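Each remark here refers to the structure printed beneath this line.
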Amino acid sequence: MLYRELPIVRVEDSTFVPATHPVVEEIPLSVTVNGRHALTAMTGPAMLREFIVGYLYTERIVRGLDDIESIRIDGNTASVLTRNPFTILRSHKTVLSGCGGNASFLDAGRLPSIHSDISLTPEIIRAATKETLDSDLHRITGGIHLVGLFDEEGRAIRIAEDIGRHNALDRVIGHGLLEEIEFSRTFAVSSGRISSEMVRKCLVANIPVIVSRGATTTAAVEAAEAGGLTIVGFVRSRKMNIYTGPERIRGASETPGLPG
């Protein structure tokens with residue numbers, strides 16, 4: 001179950017009424033890698049395998065699916081064995097569900113670069129954004145983020161829901177790895193702000209375009225420019241803002257004055 005009905009007091013003007021309201025589930029997921037504690041994530045209870053695979057990959061603990069020998073999930077704990085038992089982990093992390101993420105300062109010179117010649121139309125971007133945001137769980141609880149992974153024709157590969165948008169992005173990346181998706185021919189859509197951490201995860205996975213109905217940050221734009229990632233924000237109605245990489249949006253690169 002992705003949510004629970006909890007007792008509340010509903011207030012309307014000066015009237016107080018006992019009621020219930022659906023509240024999205026948040027669980028602690030403890031993950032060990034080769035017997036060592038790697039992270040504790042505050043996350044939703046769905047797509048845990050995909051989340052673990054995506055997180056280990058975007059944190060560069062593994063280089064790909066072939067590096068993972070096994071994943072065992074038992075309730076709120078997970079144990080991962082890698083083919084290299086001497087995989088060196090950084091100090092363990094606590095991944096919170098808030099929107100701040102948990103990444104430290106990004107060194108743009110050490111970020112990977114995008115390799116893709118994908119080309120998208122504004123219509124494909126609008127349709128994918130609309131499909132990503134069409135969530136029954138969000139309508140019921142109002143308490144989740146959504147991230148979609150789409151192919152270059154705008155077909156949904158996977159849409160994930162989570163209390164944190166970084167976790168949702170890890171989920172669709174994990175799904176892509178498990179399904180052997182070629183990330184260079186995909187783009188990601190987020191319901192929330194595009195942060196530098198979201199950009200970093202896309203650069204690691206070689207997802208060339210990230211789209212959001214919301215804003216971005218200066219650090220995200222700088223990291224995207226350094227790595228050749230396209231950022232499109234404020235996709236609403238007939239409008240959108242292209243912050244970086246306009247050459248991947250058909251018709252945009254010929255417009256004078258846009259960032260290159």
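By order of appearance in the structure tokens: chains A, B, ..., then residues from 1 within every chain, and ligands from 1 in the order shown.
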
Can you check which parts of stretch 104-216 of chain A lie within 8 Å of stretch 59-70 of chain A? Per residue, the shortest pair of atoms and distance in Å to one decimal, counting only C-alpha atoms, sorted by chain and number, as JSON lines.
{"residue": "A:Leu177", "atom": "CA", "partner": "A:Leu65", "partner_atom": "CA", "distance": 6.4}
{"residue": "A:Leu178", "atom": "CA", "partner": "A:Leu65", "partner_atom": "CA", "distance": 7.0}
{"residue": "A:Lys201", "atom": "CA", "partner": "A:Glu59", "partner_atom": "CA", "distance": 7.9}

Just to be explicit: take each residue in the selection above, keep N, CA and C atoms, and write the result as a PDB file, in the first residue's frame.
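Output saved as result.pdb:
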ATOM      1  N   LEU A 177      18.273   0.387 -16.438  1.00  0.00           N
ATOM      2  CA  LEU A 177      19.394  -0.558 -16.396  1.00  0.00           C
ATOM      3  C   LEU A 177      18.894  -1.997 -16.439  1.00  0.00           C
ATOM      4  N   LEU A 178      17.868  -2.293 -15.651  1.00  0.00           N
ATOM      5  CA  LEU A 178      17.329  -3.650 -15.606  1.00  0.00           C
ATOM      6  C   LEU A 178      16.739  -4.073 -16.952  1.00  0.00           C
ATOM      7  N   LYS A 201      22.918  13.099 -11.706  1.00  0.00           N
ATOM      8  CA  LYS A 201      22.435  11.745 -11.970  1.00  0.00           C
ATOM      9  C   LYS A 201      22.192  11.528 -13.463  1.00  0.00           C
TER      10      LYS A 201
END

Selection near A:Ala156, 12 Å with only C-alpha atoms, sequence-local residues under 6 positions removed, as a compact mmCIF listing (two decimals) with C-alpha atoms, in the first residue's frame:
# COMPACT_ATOMS: atom_id res chain seq x y z
CA ILE A 124 6.84 15.69 -27.47
CA ILE A 125 8.07 17.46 -24.34
CA ALA A 127 2.90 15.53 -23.99
CA ALA A 128 5.47 13.68 -21.86
CA THR A 129 5.18 16.24 -19.08
CA LYS A 130 1.40 15.92 -19.08
CA GLU A 131 1.61 12.12 -18.97
CA THR A 132 4.14 12.17 -16.12
CA VAL A 147 9.73 11.30 -12.66
CA GLY A 148 9.21 9.78 -16.09
CA LEU A 149 11.70 8.24 -18.49
CA PHE A 150 10.66 8.54 -22.14
CA VAL A 172 13.56 5.13 -13.47
CA GLY A 176 16.33 1.42 -17.45
CA THR A 186 15.84 8.96 -23.74
CA PHE A 187 14.84 12.01 -21.74
CA ALA A 188 13.62 12.49 -18.17
CA VAL A 189 10.63 14.49 -16.92

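With only C-alpha atoms as the atoms that count, the residue of A:Gly228, A:Arg248, A:Ile144, A:Ala38 with the shortest distance to A:Ser190 is A:Ile144.
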
Just want the 10 Å neighbourhood of stretch 8-10 of chain A, counted on only C-alpha atoms, with same-chain residues fewer than 2 positions away dropped. Output as a CSV table (one decimal) with N, CA and C atoms, in the first residue's frame.
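Output saved as selection_25.csv:
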chain,number,residue,atom,x,y,z
A,5,GLU,N,-4.9,5.8,5.3
A,5,GLU,CA,-5.8,6.8,5.8
A,5,GLU,C,-5.6,7.1,7.2
A,6,LEU,N,-5.2,8.3,7.6
A,6,LEU,CA,-4.9,8.7,8.9
A,6,LEU,C,-6.0,9.6,9.5
A,12,GLU,N,-12.9,24.0,8.5
A,12,GLU,CA,-13.6,24.8,7.4
A,12,GLU,C,-14.2,26.0,8.1
A,13,ASP,N,-13.6,27.2,7.8
A,13,ASP,CA,-13.9,28.4,8.5
A,13,ASP,C,-13.8,28.2,10.0
A,15,THR,N,-15.4,25.7,11.7
A,15,THR,CA,-16.0,24.4,12.0
A,15,THR,C,-14.9,23.4,12.0
A,16,PHE,N,-14.8,22.6,13.1
A,16,PHE,CA,-13.8,21.5,13.3
A,16,PHE,C,-14.6,20.2,13.2
A,17,VAL,N,-14.1,19.3,12.2
A,17,VAL,CA,-14.8,18.1,12.0
A,17,VAL,C,-13.8,16.9,12.0
A,18,PRO,N,-14.0,15.9,12.8
A,18,PRO,CA,-13.1,14.7,12.7
A,18,PRO,C,-13.2,14.0,11.3
A,19,ALA,N,-12.1,13.6,10.8
A,19,ALA,CA,-12.2,13.0,9.4
A,19,ALA,C,-10.9,12.1,9.3
A,20,THR,N,-10.8,11.5,8.1
A,20,THR,CA,-9.5,10.9,7.7
A,20,THR,C,-9.0,11.5,6.4
A,21,HIS,N,-7.7,11.3,6.2
A,21,HIS,CA,-7.1,11.8,5.0
A,21,HIS,C,-6.0,10.8,4.5
A,22,PRO,N,-5.9,10.5,3.2
A,22,PRO,CA,-4.8,9.7,2.7
A,22,PRO,C,-3.4,10.3,2.9

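Between A:Asp162 and the residues A:Ala219, A:Met42, A:Met198, A:Ile52, the shortest atom-to-atom distance, using only C-alpha atoms, involves A:Met42.
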
>> From a backbone DSSP assignment, name each residue in stretch 13-149 of chain A labelled alpha helix (DSSP H), as a ChimeraX atom specification.
In response: /A:48-58,122-133,136-141

Which neighbours of A:Ala220 fall inside 9 Å, counting only C-alpha atoms, when residues of the same chain fewer than 5 positions from it are skipped, and could you give them as a PDB file with C-alpha atoms, in the first residue's frame?
ATOM      1  CA  ILE A 194      15.791  20.521 -11.391  1.00  0.00           C
ATOM      2  CA  SER A 195      18.646  20.648  -8.895  1.00  0.00           C
ATOM      3  CA  SER A 196      22.364  20.101  -9.440  1.00  0.00           C
ATOM      4  CA  GLU A 197      21.919  16.594  -7.977  1.00  0.00           C
ATOM      5  CA  MET A 198      19.274  15.766 -10.578  1.00  0.00           C
ATOM      6  CA  VAL A 199      21.653  17.016 -13.273  1.00  0.00           C
ATOM      7  CA  ARG A 200      24.515  14.929 -11.867  1.00  0.00           C
ATOM      8  CA  GLU A 225      26.496  23.402 -19.445  1.00  0.00           C
ATOM      9  CA  ILE A 231      17.562  21.554 -19.270  1.00  0.00           C
TER      10      ILE A 231
END

> So how far away is atom CA of A:Leu81 from atom CA of A:Asn34, in Å?
Replying inline: 5.0 Å

> Which polymer residues have any atom within 10 Å of an atom of A:Phe234, counting only C-alpha atoms, with same-chain residues fewer than 4 positions away left out, as a list of chain:residue names?
Replying inline: A:Gly192, A:Arg193, A:Val211, A:Ser212, A:Arg213, A:Gly214, A:Ala215, A:Thr216, A:Lys239, A:Met240, A:Asn241, A:Ile242

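If you count only C-alpha atoms and ignore residues fewer than 6 places along the chain from A:Glu161, what sits within 6 Å of it is His145, Leu146 and Ala168 of chain A.
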